[in-house]
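**Student:** Have a look at this one.
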Amino acid sequence: IEENALENKENVVLFVGRFGQQKRINLILFSWHLLPQELKKNWKLVLCGDGVLWQEMIDYAKSLNLENIEFLGQCNPAESYKKAKIFLMTSLFEGFGMTLVECQQFGCIPIVMDSFRALHDIVIDGQNGFITPNNEIEVFTEKLKGIMENNTKLHEMAKNAISYSKRFDVENIIAQWENLFKEMVV
């Protein structure tokens, strides 16, 4: 994505993934619940994906009386990344966290609970996303609120995310593998 595409983004906060226990989507929904009502009037929470907890999470959202929220079901996440400004991850664990790289490629700022080591290879806290302490929903929500209210910082971090994500481009990874093989042969 080019930086000028950032101008076309909407006030969307996004989740992409399976609706399973590991993803802890209930924390995302509760965080949305904790945000000030005035702030949520201008933003939308979009959840892209499906799974065994699909209906349970819809019911939970209803029990919290959440507004400006949309469950898309299984969808092409690229279209959602293009629109969204912020990406949320509350997973209990991940291997690599591919959606973090994907969202950054589209200039979507990740806010992630610190629950797996690999995220530190992808997110530089405060520069191309935010890493919050695991299970601390209040801190997570404060980071979300803060970036929703600061369009200048959000735009700056989106540009950083796009730039930083290029280190994971296929061409760069192939070059690293080729260099490794050359070193092994010598």
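If you're wondering about the labels, chains in the structure tokens are A, B, ... by order shown, residues count from 1 in each chain, ligands from 1 in order shown.
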List every residue of segment 8-158 of chain A that DSSP, applied to the backbone, labels as helix (DSSP H, G or I), and write the result as a PDB file with N, CA and C atoms, in the first residue's frame.

**Tutor:**
ATOM      1  N   ASN A   8      -7.500   7.475   2.641  1.00  0.00           N
ATOM      2  CA  ASN A   8      -8.806   6.864   2.363  1.00  0.00           C
ATOM      3  C   ASN A   8      -9.303   5.960   3.485  1.00  0.00           C
ATOM      4  N   GLN A  21     -11.042 -19.937  21.498  1.00  0.00           N
ATOM      5  CA  GLN A  21     -10.599 -19.532  22.841  1.00  0.00           C
ATOM      6  C   GLN A  21      -9.264 -18.799  22.811  1.00  0.00           C
ATOM      7  N   GLN A  22      -8.337 -19.266  21.988  1.00  0.00           N
ATOM      8  CA  GLN A  22      -6.988 -18.705  21.943  1.00  0.00           C
ATOM      9  C   GLN A  22      -6.983 -17.208  21.637  1.00  0.00           C
ATOM     10  N   LYS A  23      -7.930 -16.756  20.831  1.00  0.00           N
ATOM     11  CA  LYS A  23      -7.913 -15.351  20.381  1.00  0.00           C
ATOM     12  C   LYS A  23      -8.457 -14.376  21.424  1.00  0.00           C
ATOM     13  N   ILE A  25     -11.358 -13.022  22.017  1.00  0.00           N
ATOM     14  CA  ILE A  25     -12.137 -11.938  21.413  1.00  0.00           C
ATOM     15  C   ILE A  25     -12.990 -11.232  22.459  1.00  0.00           C
ATOM     16  N   ASN A  26     -13.348 -11.954  23.511  1.00  0.00           N
ATOM     17  CA  ASN A  26     -14.119 -11.330  24.594  1.00  0.00           C
ATOM     18  C   ASN A  26     -13.376 -10.122  25.173  1.00  0.00           C
ATOM     19  N   LEU A  27     -12.049 -10.162  25.197  1.00  0.00           N
ATOM     20  CA  LEU A  27     -11.276  -9.020  25.701  1.00  0.00           C
ATOM     21  C   LEU A  27     -11.395  -7.822  24.767  1.00  0.00           C
ATOM     22  N   ILE A  28     -11.417  -8.062  23.478  1.00  0.00           N
ATOM     23  CA  ILE A  28     -11.600  -6.980  22.509  1.00  0.00           C
ATOM     24  C   ILE A  28     -12.974  -6.344  22.706  1.00  0.00           C
ATOM     25  N   LEU A  29     -13.984  -7.186  22.842  1.00  0.00           N
ATOM     26  CA  LEU A  29     -15.340  -6.665  23.032  1.00  0.00           C
ATOM     27  C   LEU A  29     -15.457  -5.890  24.341  1.00  0.00           C
ATOM     28  N   PHE A  30     -14.832  -6.394  25.394  1.00  0.00           N
ATOM     29  CA  PHE A  30     -14.895  -5.694  26.673  1.00  0.00           C
ATOM     30  C   PHE A  30     -14.131  -4.372  26.602  1.00  0.00           C
ATOM     31  N   SER A  31     -13.012  -4.354  25.896  1.00  0.00           N
ATOM     32  CA  SER A  31     -12.263  -3.113  25.713  1.00  0.00           C
ATOM     33  C   SER A  31     -13.127  -2.076  24.992  1.00  0.00           C
ATOM     34  N   TRP A  32     -13.839  -2.508  23.960  1.00  0.00           N
ATOM     35  CA  TRP A  32     -14.738  -1.604  23.232  1.00  0.00           C
ATOM     36  C   TRP A  32     -15.812  -1.067  24.186  1.00  0.00           C
ATOM     37  N   HIS A  33     -16.304  -1.926  25.050  1.00  0.00           N
ATOM     38  CA  HIS A  33     -17.305  -1.540  26.047  1.00  0.00           C
ATOM     39  C   HIS A  33     -16.760  -0.446  26.978  1.00  0.00           C
ATOM     40  N   LEU A  34     -15.467  -0.532  27.325  1.00  0.00           N
ATOM     41  CA  LEU A  34     -14.868   0.412  28.271  1.00  0.00           C
ATOM     42  C   LEU A  34     -14.610   1.795  27.672  1.00  0.00           C
ATOM     43  N   GLN A  37     -18.384   6.595  25.382  1.00  0.00           N
ATOM     44  CA  GLN A  37     -19.446   6.547  24.376  1.00  0.00           C
ATOM     45  C   GLN A  37     -19.234   7.591  23.281  1.00  0.00           C
ATOM     46  N   GLU A  38     -18.819   8.785  23.661  1.00  0.00           N
ATOM     47  CA  GLU A  38     -18.596   9.854  22.675  1.00  0.00           C
ATOM     48  C   GLU A  38     -17.563   9.460  21.628  1.00  0.00           C
ATOM     49  N   LEU A  39     -16.522   8.783  22.070  1.00  0.00           N
ATOM     50  CA  LEU A  39     -15.458   8.371  21.154  1.00  0.00           C
ATOM     51  C   LEU A  39     -15.963   7.300  20.187  1.00  0.00           C
ATOM     52  N   LYS A  40     -16.744   6.359  20.690  1.00  0.00           N
ATOM     53  CA  LYS A  40     -17.243   5.254  19.868  1.00  0.00           C
ATOM     54  C   LYS A  40     -18.252   5.712  18.814  1.00  0.00           C
ATOM     55  N   TRP A  54     -18.239 -18.016  17.380  1.00  0.00           N
ATOM     56  CA  TRP A  54     -18.900 -16.959  16.607  1.00  0.00           C
ATOM     57  C   TRP A  54     -20.171 -16.469  17.300  1.00  0.00           C
ATOM     58  N   GLN A  55     -21.123 -17.339  17.517  1.00  0.00           N
ATOM     59  CA  GLN A  55     -22.404 -16.927  18.100  1.00  0.00           C
ATOM     60  C   GLN A  55     -22.238 -16.469  19.546  1.00  0.00           C
ATOM     61  N   GLU A  56     -21.351 -17.126  20.282  1.00  0.00           N
ATOM     62  CA  GLU A  56     -21.103 -16.732  21.673  1.00  0.00           C
ATOM     63  C   GLU A  56     -20.595 -15.295  21.758  1.00  0.00           C
ATOM     64  N   MET A  57     -19.722 -14.892  20.828  1.00  0.00           N
ATOM     65  CA  MET A  57     -19.190 -13.526  20.846  1.00  0.00           C
ATOM     66  C   MET A  57     -20.257 -12.518  20.415  1.00  0.00           C
ATOM     67  N   ILE A  58     -21.114 -12.899  19.485  1.00  0.00           N
ATOM     68  CA  ILE A  58     -22.229 -12.025  19.109  1.00  0.00           C
ATOM     69  C   ILE A  58     -23.151 -11.820  20.315  1.00  0.00           C
ATOM     70  N   ASP A  59     -23.436 -12.902  21.023  1.00  0.00           N
ATOM     71  CA  ASP A  59     -24.285 -12.818  22.218  1.00  0.00           C
ATOM     72  C   ASP A  59     -23.622 -11.981  23.307  1.00  0.00           C
ATOM     73  N   TYR A  60     -22.321 -12.135  23.462  1.00  0.00           N
ATOM     74  CA  TYR A  60     -21.597 -11.348  24.466  1.00  0.00           C
ATOM     75  C   TYR A  60     -21.653  -9.858  24.119  1.00  0.00           C
ATOM     76  N   ALA A  61     -21.458  -9.539  22.843  1.00  0.00           N
ATOM     77  CA  ALA A  61     -21.540  -8.140  22.406  1.00  0.00           C
ATOM     78  C   ALA A  61     -22.925  -7.562  22.700  1.00  0.00           C
ATOM     79  N   LYS A  62     -23.959  -8.364  22.472  1.00  0.00           N
ATOM     80  CA  LYS A  62     -25.329  -7.917  22.765  1.00  0.00           C
ATOM     81  C   LYS A  62     -25.518  -7.709  24.258  1.00  0.00           C
ATOM     82  N   SER A  63     -24.939  -8.590  25.072  1.00  0.00           N
ATOM     83  CA  SER A  63     -25.091  -8.466  26.522  1.00  0.00           C
ATOM     84  C   SER A  63     -24.430  -7.200  27.060  1.00  0.00           C
ATOM     85  N   PRO A  77      -9.613 -10.515   4.353  1.00  0.00           N
ATOM     86  CA  PRO A  77      -9.158  -9.485   5.294  1.00  0.00           C
ATOM     87  C   PRO A  77      -8.499  -8.282   4.622  1.00  0.00           C
ATOM     88  N   ALA A  78      -7.987  -8.446   3.398  1.00  0.00           N
ATOM     89  CA  ALA A  78      -7.315  -7.327   2.724  1.00  0.00           C
ATOM     90  C   ALA A  78      -8.246  -6.125   2.604  1.00  0.00           C
ATOM     91  N   GLU A  79      -9.503  -6.368   2.280  1.00  0.00           N
ATOM     92  CA  GLU A  79     -10.458  -5.260   2.156  1.00  0.00           C
ATOM     93  C   GLU A  79     -10.660  -4.555   3.498  1.00  0.00           C
ATOM     94  N   SER A  80     -10.673  -5.323   4.564  1.00  0.00           N
ATOM     95  CA  SER A  80     -10.834  -4.731   5.898  1.00  0.00           C
ATOM     96  C   SER A  80      -9.577  -3.978   6.320  1.00  0.00           C
ATOM     97  N   TYR A  81      -8.397  -4.554   6.035  1.00  0.00           N
ATOM     98  CA  TYR A  81      -7.138  -3.859   6.358  1.00  0.00           C
ATOM     99  C   TYR A  81      -7.057  -2.512   5.647  1.00  0.00           C
ATOM    100  N   LYS A  82      -7.535  -2.458   4.407  1.00  0.00           N
ATOM    101  CA  LYS A  82      -7.484  -1.214   3.630  1.00  0.00           C
ATOM    102  C   LYS A  82      -8.280  -0.104   4.305  1.00  0.00           C
ATOM    103  N   LYS A  83      -9.396  -0.461   4.911  1.00  0.00           N
ATOM    104  CA  LYS A  83     -10.274   0.529   5.543  1.00  0.00           C
ATOM    105  C   LYS A  83      -9.832   0.895   6.955  1.00  0.00           C
ATOM    106  N   MET A  98       1.007 -13.651  12.000  1.00  0.00           N
ATOM    107  CA  MET A  98       1.038 -13.149  10.624  1.00  0.00           C
ATOM    108  C   MET A  98       0.108 -11.966  10.402  1.00  0.00           C
ATOM    109  N   THR A  99      -1.020 -11.927  11.109  1.00  0.00           N
ATOM    110  CA  THR A  99      -1.940 -10.800  10.911  1.00  0.00           C
ATOM    111  C   THR A  99      -1.312  -9.473  11.331  1.00  0.00           C
ATOM    112  N   LEU A 100      -0.319  -9.521  12.204  1.00  0.00           N
ATOM    113  CA  LEU A 100       0.371  -8.279  12.582  1.00  0.00           C
ATOM    114  C   LEU A 100       1.141  -7.707  11.396  1.00  0.00           C
ATOM    115  N   VAL A 101       1.824  -8.559  10.673  1.00  0.00           N
ATOM    116  CA  VAL A 101       2.549  -8.105   9.476  1.00  0.00           C
ATOM    117  C   VAL A 101       1.553  -7.655   8.417  1.00  0.00           C
ATOM    118  N   GLU A 102       0.501  -8.449   8.231  1.00  0.00           N
ATOM    119  CA  GLU A 102      -0.506  -8.101   7.230  1.00  0.00           C
ATOM    120  C   GLU A 102      -1.112  -6.725   7.508  1.00  0.00           C
ATOM    121  N   CYS A 103      -1.518  -6.479   8.738  1.00  0.00           N
ATOM    122  CA  CYS A 103      -2.170  -5.201   9.034  1.00  0.00           C
ATOM    123  C   CYS A 103      -1.207  -4.036   8.823  1.00  0.00           C
ATOM    124  N   GLN A 104       0.055  -4.227   9.205  1.00  0.00           N
ATOM    125  CA  GLN A 104       1.029  -3.150   9.043  1.00  0.00           C
ATOM    126  C   GLN A 104       1.297  -2.849   7.577  1.00  0.00           C
ATOM    127  N   GLN A 105       1.254  -3.864   6.722  1.00  0.00           N
ATOM    128  CA  GLN A 105       1.452  -3.637   5.289  1.00  0.00           C
ATOM    129  C   GLN A 105       0.409  -2.676   4.736  1.00  0.00           C
ATOM    130  N   LEU A 119       6.045 -11.374  18.678  1.00  0.00           N
ATOM    131  CA  LEU A 119       5.475 -10.056  18.389  1.00  0.00           C
ATOM    132  C   LEU A 119       6.515  -8.951  18.517  1.00  0.00           C
ATOM    133  N   HIS A 120       7.540  -9.166  19.325  1.00  0.00           N
ATOM    134  CA  HIS A 120       8.591  -8.162  19.499  1.00  0.00           C
ATOM    135  C   HIS A 120       9.479  -8.045  18.264  1.00  0.00           C
ATOM    136  N   ASP A 121       9.420  -9.033  17.358  1.00  0.00           N
ATOM    137  CA  ASP A 121      10.115  -8.951  16.077  1.00  0.00           C
ATOM    138  C   ASP A 121       9.298  -8.180  15.055  1.00  0.00           C
ATOM    139  N   ILE A 122       8.026  -7.951  15.340  1.00  0.00           N
ATOM    140  CA  ILE A 122       7.112  -7.331  14.388  1.00  0.00           C
ATOM    141  C   ILE A 122       6.712  -5.923  14.813  1.00  0.00           C
ATOM    142  N   ILE A 137      -6.434  -5.265  30.653  1.00  0.00           N
ATOM    143  CA  ILE A 137      -7.420  -4.706  29.734  1.00  0.00           C
ATOM    144  C   ILE A 137      -7.518  -3.184  29.838  1.00  0.00           C
ATOM    145  N   GLU A 138      -7.292  -2.643  31.041  1.00  0.00           N
ATOM    146  CA  GLU A 138      -7.369  -1.186  31.194  1.00  0.00           C
ATOM    147  C   GLU A 138      -6.248  -0.497  30.422  1.00  0.00           C
ATOM    148  N   VAL A 139      -5.033  -1.045  30.484  1.00  0.00           N
ATOM    149  CA  VAL A 139      -3.896  -0.466  29.748  1.00  0.00           C
ATOM    150  C   VAL A 139      -4.139  -0.607  28.247  1.00  0.00           C
ATOM    151  N   PHE A 140      -4.610  -1.768  27.837  1.00  0.00           N
ATOM    152  CA  PHE A 140      -4.935  -2.026  26.438  1.00  0.00           C
ATOM    153  C   PHE A 140      -5.951  -0.992  25.932  1.00  0.00           C
ATOM    154  N   THR A 141      -6.994  -0.783  26.716  1.00  0.00           N
ATOM    155  CA  THR A 141      -8.050   0.159  26.337  1.00  0.00           C
ATOM    156  C   THR A 141      -7.524   1.587  26.306  1.00  0.00           C
ATOM    157  N   GLU A 142      -6.658   1.953  27.239  1.00  0.00           N
ATOM    158  CA  GLU A 142      -6.088   3.304  27.247  1.00  0.00           C
ATOM    159  C   GLU A 142      -5.248   3.562  26.001  1.00  0.00           C
ATOM    160  N   LYS A 143      -4.467   2.558  25.563  1.00  0.00           N
ATOM    161  CA  LYS A 143      -3.683   2.711  24.325  1.00  0.00           C
ATOM    162  C   LYS A 143      -4.618   2.894  23.136  1.00  0.00           C
ATOM    163  N   LEU A 144      -5.685   2.102  23.100  1.00  0.00           N
ATOM    164  CA  LEU A 144      -6.665   2.214  22.025  1.00  0.00           C
ATOM    165  C   LEU A 144      -7.302   3.598  22.029  1.00  0.00           C
ATOM    166  N   LYS A 145      -7.754   4.026  23.173  1.00  0.00           N
ATOM    167  CA  LYS A 145      -8.385   5.346  23.307  1.00  0.00           C
ATOM    168  C   LYS A 145      -7.424   6.453  22.886  1.00  0.00           C
ATOM    169  N   GLY A 146      -6.181   6.350  23.355  1.00  0.00           N
ATOM    170  CA  GLY A 146      -5.194   7.389  23.060  1.00  0.00           C
ATOM    171  C   GLY A 146      -4.925   7.555  21.574  1.00  0.00           C
ATOM    172  N   ILE A 147      -4.800   6.441  20.856  1.00  0.00           N
ATOM    173  CA  ILE A 147      -4.493   6.545  19.428  1.00  0.00           C
ATOM    174  C   ILE A 147      -5.742   6.913  18.628  1.00  0.00           C
ATOM    175  N   MET A 148      -6.915   6.531  19.101  1.00  0.00           N
ATOM    176  CA  MET A 148      -8.159   6.939  18.433  1.00  0.00           C
ATOM    177  C   MET A 148      -8.326   8.455  18.503  1.00  0.00           C
ATOM    178  N   ASN A 151      -5.034  11.722  15.774  1.00  0.00           N
ATOM    179  CA  ASN A 151      -4.923  11.418  14.356  1.00  0.00           C
ATOM    180  C   ASN A 151      -3.517  11.661  13.814  1.00  0.00           C
ATOM    181  N   THR A 152      -2.816  12.647  14.327  1.00  0.00           N
ATOM    182  CA  THR A 152      -1.456  12.930  13.872  1.00  0.00           C
ATOM    183  C   THR A 152      -0.523  11.771  14.201  1.00  0.00           C
ATOM    184  N   LYS A 153      -0.573  11.296  15.431  1.00  0.00           N
ATOM    185  CA  LYS A 153       0.261  10.163  15.852  1.00  0.00           C
ATOM    186  C   LYS A 153      -0.144   8.899  15.095  1.00  0.00           C
ATOM    187  N   LEU A 154      -1.432   8.704  14.902  1.00  0.00           N
ATOM    188  CA  LEU A 154      -1.922   7.537  14.190  1.00  0.00           C
ATOM    189  C   LEU A 154      -1.368   7.515  12.762  1.00  0.00           C
ATOM    190  N   HIS A 155      -1.404   8.653  12.087  1.00  0.00           N
ATOM    191  CA  HIS A 155      -0.905   8.745  10.710  1.00  0.00           C
ATOM    192  C   HIS A 155       0.606   8.485  10.656  1.00  0.00           C
ATOM    193  N   GLU A 156       1.331   9.049  11.602  1.00  0.00           N
ATOM    194  CA  GLU A 156       2.785   8.847  11.677  1.00  0.00           C
ATOM    195  C   GLU A 156       3.113   7.364  11.897  1.00  0.00           C
ATOM    196  N   MET A 157       2.398   6.739  12.815  1.00  0.00           N
ATOM    197  CA  MET A 157       2.640   5.327  13.102  1.00  0.00           C
ATOM    198  C   MET A 157       2.231   4.439  11.923  1.00  0.00           C
ATOM    199  N   ALA A 158       1.190   4.826  11.201  1.00  0.00           N
ATOM    200  CA  ALA A 158       0.766   4.064  10.021  1.00  0.00           C
ATOM    201  C   ALA A 158       1.864   4.074   8.967  1.00  0.00           C
TER     202      ALA A 158
END

**Student:** I'd like to know which residues of chain A are strand (DSSP E or B) (by DSSP, run on the backbone); could you write them as a PyMOL selection string?

**Tutor:** chain A and resi 12-16+44-48+69-73+86-89+109-114+125+129-133

**Student:** Restricting the calculation to only C-alpha atoms, which member of A:Leu92, A:Val13, A:Phe19, A:Ala118 is positioned closest to Asn68 of chain A?

**Tutor:**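 Closest to Asn68 of chain A, using only C-alpha atoms: A:Val13.
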
**Student:** Which value, in Å to one decimal, gives the distance between atom CA of Ile131 of chain A and atom CA of Ser115 of chain A?

**Tutor:**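 About the pair atom CA of Ile131 of chain A and atom CA of Ser115 of chain A: they are 9.5 Å apart.
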
**Student:** Contacts of Phe130 of chain A at 9 Å or less, counting only C-alpha atoms, minus same-chain residues fewer than 5 places along, as a list of chain:residue names?

**Tutor:**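 That gives A:Ile109, A:Pro110, A:Ile111, A:Val112, A:Met113, A:Val123, A:Ile124, A:Asp125, A:Phe140, A:Lys143, A:Leu144.
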
**Student:** Return the single residue from A:Phe71, A:Val46, A:Val16, A:Gly51 that is closest to Thr90 of chain A, with distances computed using only C-alpha atoms.

**Tutor:**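 With only C-alpha atoms as the atom set, the closest residue is A:Val16.
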
**Student:** Between A:Leu72, A:Leu47, A:Cys108, A:Val52, single out the one closest to Lys85 of chain A, counting only C-alpha atoms.

**Tutor:**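 Residue with the minimum atom-to-atom distance to Lys85 of chain A: A:Cys108.
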